[in-house]
Amino acid sequence: MNDDVLIRVENLQKYFGEQKALDGVDAEIRKGDVAVVIGPSGSGKSTFLRCLNLLEVPTGGKVFFENVDITNPKVDINKHRQKMGMVFQQFNLFPHMTVLDNMILGPVKLLKLPKEKAIDNARVLLERVGLADRKDAYPSQLSGGQKQRIAIVRALCMEPDVMLFDEPTSALDPEMVGEVLDVMRNLAQSGITMVVVTHEMGFAREVGTRAIFMDEGKIIEENTPKELFNNPKSPRLHSFLAKVL
Amino acid sequence: MADWIEQLKLNFIDWFELIQAKFINNFITDNRWKYLWDGLGVTIKVTFFAVLIGIVLGFTIALIRSTHDKTGKLKFLNWFSQVYLTVIRGTPVVVQLLIIYFVIFASVNINKVVAAIIAFGINSGAYVAEIVRSGIMSVDEGQTEAGRSLGFTYAQTMWYIVIPQAFKNVLPALANEFIVLLKETSVSGYIALQDLTKGGDIIRGRTYDALMPLLAVALIYLIMVVFLTKGVTIMERRLRNSER
């Protein structure tokens with residue numbers, strides 16, 4: 001297998017009862033990719049993303065992460081998840097902990113980092129997203145945009161090899177979308193591998209290095225964002241873009 | 001006119017002297033107040049240790065049940081827990097107390113206080129379990145997902161993330177359960193354990209006066225419950241204030 005490939009997905013299938021959410025997806029995410037996944041709602045793009053770190057257990061197919069088949073039940077998925085940061089639509093910050101405690105929980109308990117070191121790392125990241133002064137706040141005291149920025153740096157504290165974003169701006173008020181996208185844009189420029197499920201077409205086109213269009217549980221088209229948006233080949237992508245652009 | 005007032009005054013003095021005599025007879029003579037004092041000690045002891053057993057048992061059962069509900073694992077333990085909950089919540093606590101003392105510990109010479117602690121602890125555990133389980137289930141699924149996505153195991157996620165939130169949510173309900181438990185221990189007399197209620201009843205048997213000792217018993221329970229309830233209210237307010 002190519003060393004550049006970080007995640008490889010083979011014939012991924014997911015059923016929710018009778019409902020087919022993923023219908024044989026093959027994909028590769030290479031190191032340094034900013035892969036944006038777009039598609040109509042119910043197209044399976046979130047399910048696809050959640051299968052990458054096995055939050056959703058696939059019904060069939062395989063997911064290789066760093067050349068390890070993580071769908072193999074013998075694999076310690078928790079070890080691999082430490083290397084895959086995830087950001088959720090609903091932020092999912094821990095409400096009973098301060099911002100700082102949210103951020104250092106993983107590094108201290110899982111990576112066994114000394115607390116001081118973890119706090120130092122967290123400070124640097126908070127500085128980067130402009131929230132250094134909110135380190136002692138509780139999540140309920142933050143705005144939606146602030147929550148999501150904290151959620152991003154919480155994931156980054158684990159120093160992951162890939163960041164998975166599940167519609168990170170969909171639950172935000174419109175005026176807060178920008179601040180979160182700015183953080184993601186900076187992150188993309190830092191070179192970390194990202195997989196982003198999003199409805200923000202402007203962001204996808206501008207920041208993405210690869211774009212994936214999904215519909216009805218399948219990848220319909222895959223290309224550079226520029227090509228995908230400017231020259232859609234399939235009629236389904238065509239009509240999707242006509243609706244959202 | 002003056003006669004009438006004079007008469008009332010005399011009546012009042014008579015009445016006061018009667019009350020005084022009754023009080024002395026019920027509580028002072030033969031140190032009868034000791035029945036209440038010692039009984040109160042037993043009641044508090046039984047309640048306190050039953051609460052501890054209830055917490056440990058309740059949390060264990062709640063974890064088994066919610067783990068089963070979320071992951072489908074622990075089938076046997078879940079079945080066992082369900083039997084326990086059904087039996088305990090489906091039968092009166094007095095009957096459970098009698099069975100524990102006269103059936104289960106029939107052949108061993110067990111201390112009555114210990115028997116009561118075990119009976120009330122096992123009983124309370126069932127109610128605590130359902131309170132805690134509802135607390136665990138009320139924590140948003142996204143919290144579990146966030147924990148697991150960081151790389152925490154299921155158990156770690158429960159311990160660091162879900163249980164602290166669940167505990168906070170159910171703390172008032174838990175405290176109320178223990179206030180109920182305090183009052184429920186008043187049936188300890190069924191196994192001839194001399195708790196607060198039994199203490200009052202013994203005095204009644206000695207003095208043939210029901211009013212005074214039983215009112216005294218009621219008053220002592222009431223004072224304890226009022227203070228505990230006050231404590232719960234303060235705690236609830238504190239919990240609401242934190243994180244804000």
# chains A, B, ... in the order shown; residues from 1 in each chain; ligands from 1

$ residues_around --residues "Ala118 in chain A" --least-positions-apart "2" --cutoff "12 Å" --atoms "only C-alpha atoms" --output "number ranges by chain"
A: 100-116, 120-125, 154, 156-159

$ closest_atom_pairs --of "chain B" --to "chain A" --cutoff "9 Å" --atoms "only C-alpha atoms" --output "Markdown table"
| residue | atom | partner | partner_atom | distance |
| --- | --- | --- | --- | --- |
| B:Asp140 | CA | A:Asn92 | CA | 8.6 |
| B:Gly142 | CA | A:Asn92 | CA | 5.6 |
| B:Gln143 | CA | A:Asn92 | CA | 5.6 |
| B:Thr144 | CA | A:Asn92 | CA | 8.8 |
| B:Glu145 | CA | A:Leu55 | CA | 7.0 |
| B:Ala146 | CA | A:Asn92 | CA | 6.1 |
| B:Gly147 | CA | A:Gly106 | CA | 8.5 |
| B:Arg148 | CA | A:Asn78 | CA | 7.4 |
| B:Ser149 | CA | A:Arg81 | CA | 5.9 |
| B:Leu150 | CA | A:Gln82 | CA | 5.4 |
| B:Gly151 | CA | A:Asn78 | CA | 4.4 |
| B:Phe152 | CA | A:Asn78 | CA | 6.2 |
| B:Thr153 | CA | A:Asn78 | CA | 6.3 |
| B:Tyr160 | CA | A:Leu105 | CA | 8.6 |
| B:Ile161 | CA | A:Phe94 | CA | 6.9 |
| B:Pro164 | CA | A:His96 | CA | 7.5 |
| B:Gln165 | CA | A:His96 | CA | 6.5 |
| B:Ser242 | CA | A:His96 | CA | 8.9 |
| B:Glu243 | CA | A:Tyr138 | CA | 5.6 |
| B:Arg244 | CA | A:Gln141 | CA | 6.5 |

$ write_last_selection --atoms "C-alpha atoms" --output "PDB file, in the first residue's frame"
ATOM      1  CA  ASP B 140     -26.739  13.307  25.748  1.00  0.00           C
ATOM      2  CA  GLY B 142     -23.062  13.151  21.960  1.00  0.00           C
ATOM      3  CA  GLN B 143     -21.115  13.201  25.231  1.00  0.00           C
ATOM      4  CA  THR B 144     -20.355   9.513  24.887  1.00  0.00           C
ATOM      5  CA  GLU B 145     -19.413   9.975  21.243  1.00  0.00           C
ATOM      6  CA  ALA B 146     -17.092  12.858  22.078  1.00  0.00           C
ATOM      7  CA  GLY B 147     -15.403  10.751  24.743  1.00  0.00           C
ATOM      8  CA  ARG B 148     -15.049   7.709  22.509  1.00  0.00           C
ATOM      9  CA  SER B 149     -13.780   9.823  19.608  1.00  0.00           C
ATOM     10  CA  LEU B 150     -10.925  11.058  21.815  1.00  0.00           C
ATOM     11  CA  GLY B 151      -9.956   7.438  22.354  1.00  0.00           C
ATOM     12  CA  PHE B 152     -11.472   6.751  25.753  1.00  0.00           C
ATOM     13  CA  THR B 153     -12.816   3.261  26.363  1.00  0.00           C
ATOM     14  CA  TYR B 160     -14.851  10.734  33.397  1.00  0.00           C
ATOM     15  CA  ILE B 161     -17.688  12.120  31.337  1.00  0.00           C
ATOM     16  CA  PRO B 164     -20.257  13.057  36.789  1.00  0.00           C
ATOM     17  CA  GLN B 165     -23.000  14.664  34.724  1.00  0.00           C
ATOM     18  CA  SER B 242     -22.169  26.188  39.230  1.00  0.00           C
ATOM     19  CA  GLU B 243     -21.278  26.303  35.559  1.00  0.00           C
ATOM     20  CA  ARG B 244     -23.053  29.629  35.196  1.00  0.00           C
TER      21      ARG B 244
END

$ select_by_dssp --residues "range 35-184 of chain A" --states "strand (DSSP E or B)" --output "JSON, numbers by chain"
{"A": [35, 36, 37, 38, 60, 61, 62, 63, 64, 65, 68, 69, 84, 85, 86, 87, 162, 163, 164, 165, 166]}

$ select_by_dssp --residues "range 2-238 of chain A" --states "alpha helix (DSSP H)" --output "ChimeraX atom specification"
/A:45-52,77-81,99-109,115-128,144-156,174-189,201-207,225-230,235-238

$ write_last_selection --atoms "C-alpha atoms" --output "compact mmCIF listing (two decimals), in the first residue's frame"
# COMPACT_ATOMS: atom_id res chain seq x y z
CA LYS A 45 -21.85 11.64 4.03
CA SER A 46 -22.06 11.94 7.82
CA THR A 47 -22.37 8.17 8.14
CA PHE A 48 -19.31 7.82 5.91
CA LEU A 49 -17.33 10.16 8.17
CA ARG A 50 -18.51 8.43 11.36
CA CYS A 51 -17.47 5.08 9.93
CA LEU A 52 -13.90 6.35 9.51
CA ILE A 77 -9.89 0.89 18.21
CA ASN A 78 -9.33 3.24 21.15
CA LYS A 79 -5.61 3.48 20.37
CA HIS A 80 -6.36 4.45 16.77
CA ARG A 81 -9.08 6.90 17.70
CA VAL A 99 -12.50 24.86 28.75
CA LEU A 100 -9.02 23.94 29.92
CA ASP A 101 -10.19 20.72 31.58
CA ASN A 102 -12.05 19.79 28.41
CA MET A 103 -8.82 20.16 26.51
CA ILE A 104 -6.40 18.38 28.82
CA LEU A 105 -8.62 15.41 29.74
CA GLY A 106 -7.52 13.32 26.77
CA PRO A 107 -3.81 14.23 26.83
CA VAL A 108 -3.51 13.65 30.59
CA LYS A 109 -5.58 10.47 30.88
CA LYS A 115 -0.61 18.04 33.57
CA GLU A 116 1.63 21.12 33.27
CA LYS A 117 2.76 20.06 29.81
CA ALA A 118 -0.83 19.44 28.71
CA ILE A 119 -1.87 22.86 30.00
CA ASP A 120 1.02 24.51 28.15
CA ASN A 121 -0.03 22.81 24.92
CA ALA A 122 -3.65 23.79 25.48
CA ARG A 123 -2.64 27.42 26.09
CA VAL A 124 -0.78 27.59 22.79
CA LEU A 125 -3.79 26.22 20.95
CA LEU A 126 -6.21 28.55 22.74
CA GLU A 127 -3.98 31.44 21.74
CA ARG A 128 -4.15 30.27 18.15
CA GLY A 144 -21.80 28.65 19.65
CA GLY A 145 -18.81 29.80 17.62
CA GLN A 146 -16.59 29.78 20.67
CA LYS A 147 -17.80 26.31 21.62
CA GLN A 148 -16.93 24.94 18.22
CA ARG A 149 -13.49 26.55 18.25
CA ILE A 150 -12.88 24.95 21.64
CA ALA A 151 -14.13 21.62 20.31
CA ILE A 152 -11.59 21.89 17.48
CA VAL A 153 -8.64 22.64 19.76
CA ARG A 154 -9.78 19.93 22.19
CA ALA A 155 -9.38 17.44 19.37
CA LEU A 156 -6.07 19.01 18.35
CA PRO A 174 -24.91 32.63 10.62
CA GLU A 175 -22.73 35.33 12.15
CA MET A 176 -20.61 32.72 13.91
CA VAL A 177 -19.91 30.52 10.92
CA GLY A 178 -17.05 32.74 9.78
CA GLU A 179 -14.96 32.47 12.93
CA VAL A 180 -15.10 28.68 12.85
CA LEU A 181 -14.28 28.48 9.17
CA ASP A 182 -11.32 30.80 9.78
CA VAL A 183 -9.94 28.38 12.33
CA MET A 184 -10.42 25.48 9.93
CA ARG A 185 -8.80 27.42 7.12
CA ASN A 186 -5.73 28.08 9.27
CA LEU A 187 -5.68 24.45 10.25
CA ALA A 188 -5.76 23.36 6.62
CA GLN A 189 -2.82 25.64 5.87
CA MET A 201 -19.74 25.35 -0.58
CA GLY A 202 -17.58 28.48 -0.53
CA PHE A 203 -15.31 26.94 2.09
CA ALA A 204 -15.23 23.60 0.27
CA ARG A 205 -14.19 25.19 -2.98
CA GLU A 206 -11.61 27.49 -1.44
CA VAL A 207 -9.94 25.31 1.19
CA PRO A 225 -12.87 21.20 -5.85
CA LYS A 226 -12.38 23.51 -8.78
CA GLU A 227 -13.19 20.83 -11.34
CA LEU A 228 -16.02 19.40 -9.27
CA PHE A 229 -17.76 22.71 -8.87
CA ASN A 230 -17.05 24.13 -12.32
CA PRO A 235 -26.44 14.95 -13.71
CA ARG A 236 -27.02 14.43 -9.99
CA LEU A 237 -24.08 16.66 -9.01
CA HIS A 238 -25.27 19.10 -11.62

$ atom_distance --atom1 "CA of Arg8 in chain A" --atom2 "CA of Asp166 in chain A"
18.4 Å

$ atom_distance --atom1 "CA of Lys73 in chain B" --atom2 "CA of Gln156 in chain B"
16.4 Å

$ residues_around --residues "Ile24 in chain B" --least-positions-apart "3" --cutoff "12 Å" --atoms "only C-alpha atoms" --output "PyMOL selection string"
chain B and resi 17-21+27-33+203+207+209+212-213

$ atom_distance --atom1 "CA of Phe48 in chain B" --atom2 "CA of Phe120 in chain B"
10.2 Å

$ closest_residue --among "A:Arg210, A:His199, A:Pro168, A:Asn231" --to "Leu245 in chain A" --atoms "only C-alpha atoms"
A:His199

$ residues_around --residues "Gln13 in chain A" --least-positions-apart "6" --cutoff "9 Å" --atoms "only C-alpha atoms" --output "JSON, numbers by chain"
{"A": [20, 21, 22, 23, 24, 25, 48, 58, 59, 60, 61, 62, 217]}

$ closest_residue --among "A:Leu131, A:Gly44, A:Val34, A:Asp4" --to "Ile220 in chain A" --atoms "only C-alpha atoms"
A:Gly44

$ closest_residue --among "A:Thr193, A:Asn72, A:Ser170, A:Thr198" --to "Val36 in chain A" --atoms "only C-alpha atoms"
A:Thr198

$ residues_around --residues "range 100-114 of chain B" --least-positions-apart "4" --cutoff "8 Å" --atoms "only C-alpha atoms" --output "PyMOL selection string"
chain B and resi 42+46+96+118-119+191-193

$ write_last_selection --atoms "C-alpha atoms" --output "PDB file, in the first residue's frame"
ATOM      1  CA  VAL B  42     -30.460   3.240  66.046  1.00  0.00           C
ATOM      2  CA  VAL B  46     -29.568   2.058  60.247  1.00  0.00           C
ATOM      3  CA  GLN B  96     -38.451  -7.877  52.991  1.00  0.00           C
ATOM      4  CA  ILE B 118     -28.962  -5.066  55.069  1.00  0.00           C
ATOM      5  CA  ALA B 119     -32.726  -5.103  54.469  1.00  0.00           C
ATOM      6  CA  ILE B 191     -38.134  -7.389  64.063  1.00  0.00           C
ATOM      7  CA  ALA B 192     -38.216  -5.948  67.602  1.00  0.00           C
ATOM      8  CA  LEU B 193     -35.407  -3.555  66.807  1.00  0.00           C
TER       9      LEU B 193
END

$ closest_residue --among "B:Val217, B:Ile5, B:Val87, B:Val225" --to "Val180 in chain B" --atoms "only C-alpha atoms"
B:Val225
